[in-house]
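Data block for start20.tsv (TSV, C-alpha atoms):
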```tsv
chain	number	residue	atom	x	y	z
A	469	MET	CA	0.00	0.00	0.00
A	470	ASN	CA	2.78	2.42	0.91
A	471	LEU	CA	4.58	1.79	-2.37
A	472	SER	CA	1.55	2.50	-4.54
A	473	LEU	CA	0.93	5.72	-2.60
A	474	GLN	CA	4.48	6.89	-3.24
A	475	LEU	CA	4.20	6.02	-6.94
A	476	ARG	CA	0.98	7.99	-7.18
A	477	ARG	CA	2.59	11.04	-5.52
A	478	HIS	CA	5.57	10.92	-7.88
A	479	ALA	CA	3.34	10.53	-10.93
A	480	THR	CA	1.22	13.50	-9.82
A	481	ALA	CA	4.32	15.66	-9.19
A	482	ALA	CA	5.79	14.67	-12.56
A	483	TRP	CA	2.53	15.52	-14.31
A	484	GLN	CA	2.40	18.93	-12.66
A	485	HIS	CA	5.97	19.72	-13.79
A	486	ARG	CA	5.76	18.14	-17.25
A	487	TRP	CA	6.24	21.43	-19.10
A	488	LYS	CA	9.36	22.26	-17.12
A	489	ALA	CA	10.74	18.79	-17.90
A	490	MET	CA	9.86	19.18	-21.59
A	491	LEU	CA	11.52	22.62	-21.70
A	492	LEU	CA	14.66	21.27	-20.01
A	493	THR	CA	14.76	18.33	-22.43
A	494	TRP	CA	14.50	20.59	-25.47
A	495	PHE	CA	17.17	22.92	-24.08
A	496	ILE	CA	19.58	20.00	-23.59
A	497	CYS	CA	18.86	18.65	-27.09
A	498	ILE	CA	19.35	22.00	-28.80
A	499	ALA	CA	22.59	22.64	-26.89
A	500	GLY	CA	23.82	19.17	-27.89
A	501	TRP	CA	22.92	19.71	-31.56
A	502	ILE	CA	24.74	23.04	-31.61
A	503	ALA	CA	27.81	21.49	-29.98
A	504	VAL	CA	27.87	18.68	-32.54
A	505	TYR	CA	27.39	21.15	-35.41
A	506	LEU	CA	30.33	23.27	-34.22
A	507	MET	CA	32.70	20.31	-33.89
A	508	PRO	CA	35.26	20.26	-36.71
A	509	ASN	CA	35.07	17.35	-39.13
A	510	GLN	CA	37.76	14.71	-38.78
A	511	TYR	CA	38.50	12.31	-41.60
A	512	MET	CA	40.51	9.17	-41.06
A	513	SER	CA	42.36	7.34	-43.77
A	514	THR	CA	43.56	3.81	-43.12
A	515	ALA	CA	45.53	1.38	-45.22
A	516	ARG	CA	46.81	-2.09	-44.57
A	517	MET	CA	50.13	-3.19	-45.91
A	518	TYR	CA	51.74	-6.57	-46.05
A	519	ALA	CA	55.38	-6.44	-45.12
A	520	ASP	CA	57.63	-9.37	-44.42
A	521	ALA	CA	59.31	-7.75	-41.43
A	522	ASP	CA	62.05	-10.39	-41.30
A	523	ALA	CA	63.07	-9.85	-44.92
A	524	ILE	CA	62.87	-6.05	-44.84
A	525	LEU	CA	64.52	-5.58	-41.49
A	526	GLY	CA	67.03	-8.34	-42.18
A	527	THR	CA	68.51	-6.26	-44.99
A	528	LEU	CA	68.37	-3.07	-42.93
A	529	LEU	CA	69.91	-4.59	-39.81
A	530	ARG	CA	72.41	-6.99	-41.42
A	531	GLY	CA	75.68	-6.64	-39.58
A	532	ILE	CA	74.31	-3.95	-37.27
A	533	ALA	CA	72.21	-5.74	-34.69
A	534	VAL	CA	71.13	-9.16	-33.60
A	535	GLU	CA	67.68	-10.44	-34.47
A	536	GLY	CA	65.12	-8.87	-32.18
A	537	THR	CA	61.68	-9.69	-30.98
A	538	PRO	CA	58.69	-9.02	-33.25
A	539	ALA	CA	57.78	-5.98	-31.16
A	540	SER	CA	61.22	-4.44	-31.64
A	541	GLN	CA	61.05	-5.22	-35.37
A	542	VAL	CA	57.75	-3.32	-35.60
A	543	ASP	CA	59.34	-0.45	-33.69
A	544	VAL	CA	62.28	-0.33	-36.11
A	545	LEU	CA	59.91	-0.50	-39.08
A	546	GLN	CA	57.85	2.35	-37.64
A	547	ARG	CA	60.91	4.49	-36.95
A	548	THR	CA	62.20	3.83	-40.45
A	549	LEU	CA	58.92	4.73	-42.14
A	550	LEU	CA	58.40	7.79	-39.93
A	551	SER	CA	61.96	9.07	-40.17
A	552	ARG	CA	62.46	12.78	-40.73
A	553	PRO	CA	63.49	12.44	-44.40
A	554	ASN	CA	60.37	10.38	-45.11
A	555	LEU	CA	58.14	12.86	-43.27
A	556	GLU	CA	59.69	15.70	-45.29
A	557	ARG	CA	58.89	13.75	-48.47
A	558	VAL	CA	55.31	13.30	-47.27
A	559	VAL	CA	55.00	17.06	-46.68
A	560	ALA	CA	56.48	17.79	-50.11
A	561	ARG	CA	54.29	15.28	-51.98
A	562	THR	CA	50.99	16.29	-50.34
A	563	ASP	CA	49.29	19.64	-49.87
A	564	LEU	CA	50.65	19.90	-46.34
A	565	ASP	CA	53.36	22.30	-47.53
A	566	MET	CA	50.58	24.84	-48.23
A	567	ARG	CA	50.08	25.09	-44.46
A	568	ILE	CA	53.68	26.16	-43.88
A	569	THR	CA	54.22	29.86	-43.22
A	570	SER	CA	57.63	29.84	-41.55
A	571	GLN	CA	60.47	27.51	-40.60
A	572	GLN	CA	58.93	27.09	-37.14
A	573	SER	CA	55.59	26.06	-38.61
A	574	ARG	CA	57.44	23.58	-40.87
A	575	GLU	CA	59.17	22.03	-37.85
A	576	ARG	CA	55.91	21.90	-35.91
A	577	LEU	CA	54.11	20.33	-38.90
A	578	ILE	CA	56.74	17.60	-39.26
A	579	GLU	CA	56.69	16.84	-35.52
A	580	ASP	CA	52.87	16.75	-35.46
A	581	LEU	CA	52.81	14.54	-38.54
A	582	GLY	CA	55.17	12.07	-36.87
A	583	ARG	CA	52.90	11.94	-33.80
A	584	GLN	CA	49.60	11.73	-35.68
A	585	ILE	CA	50.50	8.89	-38.04
A	586	ARG	CA	49.76	5.55	-36.41
A	587	ILE	CA	51.38	2.33	-37.59
A	588	THR	CA	49.98	-0.65	-35.77
A	589	PRO	CA	50.68	-4.32	-36.33
A	590	GLN	CA	47.64	-6.42	-37.19
A	591	THR	CA	49.62	-9.66	-37.45
A	592	ARG	CA	53.33	-10.36	-37.77
A	593	THR	CA	53.31	-9.38	-41.45
A	594	LEU	CA	50.23	-7.14	-41.74
A	595	PHE	CA	50.42	-3.51	-40.64
A	596	SER	CA	47.87	-0.73	-40.53
A	597	ILE	CA	48.70	2.90	-41.31
A	598	GLU	CA	46.25	5.50	-40.02
A	599	TYR	CA	46.11	9.30	-40.28
A	600	ARG	CA	43.41	11.85	-39.36
A	601	ASP	CA	42.93	15.34	-40.80
A	602	HIS	CA	40.15	17.87	-41.30
A	603	ASP	CA	40.63	17.58	-45.09
A	604	PRO	CA	39.70	14.13	-46.45
A	605	ARG	CA	42.00	14.47	-49.48
A	606	VAL	CA	45.02	15.28	-47.32
A	607	ALA	CA	44.30	12.35	-45.01
A	608	ARG	CA	44.15	10.00	-47.98
A	609	ASP	CA	47.24	11.52	-49.63
A	610	VAL	CA	49.38	11.21	-46.49
A	611	VAL	CA	48.60	7.51	-46.12
A	612	GLN	CA	49.05	6.91	-49.85
A	613	THR	CA	52.40	8.71	-49.84
A	614	LEU	CA	53.61	6.62	-46.91
A	615	LEU	CA	52.63	3.46	-48.78
A	616	THR	CA	54.40	4.72	-51.90
A	617	LEU	CA	57.56	5.52	-49.92
A	618	PHE	CA	57.46	2.06	-48.38
A	619	VAL	CA	57.05	0.37	-51.76
A	620	GLU	CA	59.83	2.51	-53.26
A	621	ALA	CA	62.17	1.55	-50.43
A	622	ALA	CA	61.27	-2.13	-50.75
A	623	THR	CA	61.71	-2.19	-54.53
A	624	GLY	CA	64.97	-0.25	-54.22
A	625	THR	CA	66.27	-2.92	-51.84
A	626	ASP	CA	65.08	-5.65	-54.24
A	627	ARG	CA	66.84	-3.94	-57.16
A	628	ARG	CA	70.07	-3.63	-55.21
A	629	GLN	CA	69.88	-7.29	-54.24
A	630	LEU	CA	69.19	-8.24	-57.86
A	631	GLU	CA	72.13	-6.16	-59.08
A	632	THR	CA	74.39	-7.69	-56.44
A	633	ALA	CA	73.28	-11.17	-57.52
A	634	ARG	CA	73.91	-10.31	-61.18
A	635	ASN	CA	77.40	-9.05	-60.41
A	636	PHE	CA	78.14	-12.18	-58.40
A	637	VAL	CA	76.95	-14.46	-61.22
A	638	ALA	CA	78.98	-12.46	-63.76
A	639	GLN	CA	82.10	-12.79	-61.58
A	640	GLN	CA	81.53	-16.51	-61.21
A	641	ILE	CA	81.10	-16.93	-64.97
A	642	SER	CA	84.31	-14.99	-65.56
A	643	ALA	CA	86.15	-17.12	-63.02
A	644	TYR	CA	84.87	-20.37	-64.59
A	645	GLU	CA	85.81	-19.10	-68.08
A	646	ALA	CA	89.32	-18.41	-66.89
A	647	GLN	CA	89.51	-21.89	-65.34
A	648	LEU	CA	88.24	-23.50	-68.57
A	649	ARG	CA	90.79	-21.63	-70.66
A	650	GLU	CA	93.59	-22.84	-68.41
```
How would this structure read if it were set down as structure tokens?
Amino acid sequence: MNLSLQLRRHATAAWQHRWKAMLLTWFICIAGWIAVYLMPNQYMSTARMYADADAILGTLLRGIAVEGTPASQVDVLQRTLLSRPNLERVVARTDLDMRITSQQSRERLIEDLGRQIRITPQTRTLFSIEYRDHDPRVARDVVQTLLTLFVEAATGTDRRQLETARNFVAQQISAYEAQLRE
């Protein structure tokens, strides 16, 4: 009996103040809509890349360091891809250089770019590159440029290895020719 009496009192009080509650609800909704409208747009561009970390880092670290753990290999790969020369190439190849007004703003842009680009391992050989910007084209171009730089570096390493192999085979052929002549 006591519970039903309390429920009745609360329902009566709520009914008497329904317009105040409705006004408060509309005020909160309108304030929320305005806040959402004023928030700047953020666009995220993400790409996945397959990279045989052992093969790539093996050529980079040959003779320099011992084989590391997968986590340290990812760290080295991230530091290599986000090195200052690569970040400067990204700025030059995208429209980010239009935002530069002075040498200080250039330095700040490169530092911010290095912090905002996320490279996360999905598996041992699959990595995700992510970048956010208020311009969707710039976000896409930054990620695409990083992928292009990675592919250029990988193909450059492959070409050097191929040229080294060719030179070795040519030397071996020359050595065998000399032996056959003797």
message: At a cut-off of 10 Å, using all atoms listed in the file, what residues contact A:Phe618? Leave out same-chain residues fewer than 4 positions from it and give the result as an MDAnalysis selection string.
response: chainID A and resid 517 519 545 548:549 554 612:614 622:624
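Taking atom CA of A:Lys488 and atom CA of A:Met507 as endpoints, the distance between them is 28.8 Å.
The space between atom CA of A:His602 and atom CA of A:Leu564 spans 11.8 Å.
For the choices A:Ser570, A:Thr562, A:Asn470, A:Gln647, the atom-to-atom distance to A:Ala607 is smallest for A:Thr562 when using all atoms listed in the file.
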- prompt: Using all atoms listed in the file, which residues sit within 7 Å of stretch 580-597 of chain A once same-chain residues fewer than 2 positions away are excluded, as a ChimeraX atom specification?
  reply: /A:514-521,546,550,576-578,599,611
field: Gap from atom CA of A:Pro508 to atom CA of A:Arg552 - Å, one decimal
entry: 28.5 Å
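Residues surrounding A:Asp603 within 9 Å are Asn509, Gln510, Tyr511 and Arg608 of chain A [all atoms listed in the file; sequence separation below 5 positions excluded].
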Kindly export the residues of the current selection with C-alpha atoms, as a compact mmCIF listing (two decimals), in the frame of the given file.
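The file below, part_39.txt, is the result:
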```txt
# COMPACT_ATOMS: atom_id res chain seq x y z
CA ASN A 509 35.07 17.35 -39.13
CA GLN A 510 37.76 14.71 -38.78
CA TYR A 511 38.50 12.31 -41.60
CA ARG A 608 44.15 10.00 -47.98
```
- prompt: Using all atoms listed in the file, which of the listed residues (A:Pro553, A:Leu473, A:Asp563, A:Ile502) sits closest to A:Arg605?
  reply: A:Asp563
Mind rebuilding stretch 627-638 of chain A with all heavy atoms and writing that out as a compact mmCIF listing (two decimals), in the coordinates of the input?
```txt
# COMPACT_ATOMS: atom_id res chain seq x y z
N ARG A 627 65.98 -4.23 -56.00
CA ARG A 627 66.84 -3.94 -57.16
C ARG A 627 68.31 -4.06 -56.80
O ARG A 627 69.10 -4.59 -57.58
CB ARG A 627 66.54 -2.55 -57.70
CG ARG A 627 65.26 -2.47 -58.47
CD ARG A 627 65.10 -1.12 -59.12
NE ARG A 627 63.73 -0.97 -59.56
CZ ARG A 627 62.95 0.04 -59.27
NH1 ARG A 627 63.41 1.03 -58.54
NH2 ARG A 627 61.72 0.10 -59.70
N ARG A 628 68.67 -3.54 -55.64
CA ARG A 628 70.07 -3.63 -55.21
C ARG A 628 70.47 -5.09 -55.02
O ARG A 628 71.57 -5.50 -55.41
CB ARG A 628 70.30 -2.84 -53.92
CG ARG A 628 70.34 -1.34 -54.14
CD ARG A 628 70.83 -0.61 -52.90
NE ARG A 628 69.91 -0.74 -51.78
CZ ARG A 628 68.88 0.06 -51.56
NH1 ARG A 628 68.62 1.05 -52.36
NH2 ARG A 628 68.09 -0.13 -50.52
N GLN A 629 69.58 -5.88 -54.43
CA GLN A 629 69.88 -7.29 -54.24
C GLN A 629 70.00 -8.00 -55.59
O GLN A 629 70.88 -8.84 -55.77
CB GLN A 629 68.79 -7.96 -53.39
CG GLN A 629 68.83 -7.56 -51.94
CD GLN A 629 67.67 -8.15 -51.15
OE1 GLN A 629 66.71 -8.66 -51.72
NE2 GLN A 629 67.76 -8.08 -49.84
N LEU A 630 69.13 -7.65 -56.53
CA LEU A 630 69.19 -8.24 -57.86
C LEU A 630 70.48 -7.86 -58.56
O LEU A 630 71.13 -8.70 -59.17
CB LEU A 630 67.97 -7.80 -58.68
CG LEU A 630 67.84 -8.37 -60.08
CD1 LEU A 630 67.68 -9.89 -60.01
CD2 LEU A 630 66.65 -7.75 -60.80
N GLU A 631 70.89 -6.61 -58.46
CA GLU A 631 72.13 -6.16 -59.08
C GLU A 631 73.34 -6.84 -58.45
O GLU A 631 74.27 -7.24 -59.14
CB GLU A 631 72.25 -4.63 -58.97
CG GLU A 631 73.36 -4.02 -59.78
CD GLU A 631 73.20 -4.28 -61.27
OE1 GLU A 631 72.07 -4.28 -61.77
OE2 GLU A 631 74.24 -4.51 -61.93
N THR A 632 73.30 -7.00 -57.13
CA THR A 632 74.39 -7.69 -56.44
C THR A 632 74.46 -9.14 -56.90
O THR A 632 75.55 -9.67 -57.16
CB THR A 632 74.17 -7.64 -54.92
OG1 THR A 632 74.09 -6.27 -54.52
CG2 THR A 632 75.29 -8.31 -54.16
N ALA A 633 73.31 -9.78 -57.05
CA ALA A 633 73.28 -11.17 -57.52
C ALA A 633 73.80 -11.28 -58.95
O ALA A 633 74.56 -12.19 -59.28
CB ALA A 633 71.86 -11.72 -57.43
N ARG A 634 73.41 -10.32 -59.81
CA ARG A 634 73.91 -10.31 -61.18
C ARG A 634 75.43 -10.18 -61.23
O ARG A 634 76.10 -10.87 -61.99
CB ARG A 634 73.28 -9.15 -61.96
CG ARG A 634 72.10 -9.52 -62.72
CD ARG A 634 71.72 -8.42 -63.69
NE ARG A 634 70.30 -8.53 -63.92
CZ ARG A 634 69.48 -7.52 -64.06
NH1 ARG A 634 69.93 -6.29 -64.01
NH2 ARG A 634 68.22 -7.73 -64.26
N ASN A 635 75.95 -9.24 -60.44
CA ASN A 635 77.40 -9.05 -60.41
C ASN A 635 78.11 -10.30 -59.92
O ASN A 635 79.16 -10.68 -60.46
CB ASN A 635 77.77 -7.85 -59.52
CG ASN A 635 77.35 -6.54 -60.14
OD1 ASN A 635 77.14 -6.44 -61.35
ND2 ASN A 635 77.20 -5.52 -59.31
N PHE A 636 77.54 -10.95 -58.91
CA PHE A 636 78.14 -12.18 -58.40
C PHE A 636 78.16 -13.27 -59.46
O PHE A 636 79.18 -13.94 -59.66
CB PHE A 636 77.37 -12.66 -57.15
CG PHE A 636 77.85 -13.97 -56.63
CD1 PHE A 636 79.04 -14.07 -55.94
CD2 PHE A 636 77.10 -15.13 -56.84
CE1 PHE A 636 79.49 -15.29 -55.46
CE2 PHE A 636 77.53 -16.35 -56.36
CZ PHE A 636 78.74 -16.44 -55.67
N VAL A 637 77.02 -13.44 -60.16
CA VAL A 637 76.95 -14.46 -61.22
C VAL A 637 77.93 -14.13 -62.33
O VAL A 637 78.63 -15.02 -62.86
CB VAL A 637 75.49 -14.59 -61.74
CG1 VAL A 637 75.43 -15.44 -63.00
CG2 VAL A 637 74.59 -15.17 -60.67
N ALA A 638 78.03 -12.86 -62.71
CA ALA A 638 78.98 -12.46 -63.76
C ALA A 638 80.42 -12.75 -63.33
O ALA A 638 81.23 -13.23 -64.14
CB ALA A 638 78.81 -10.98 -64.09
```
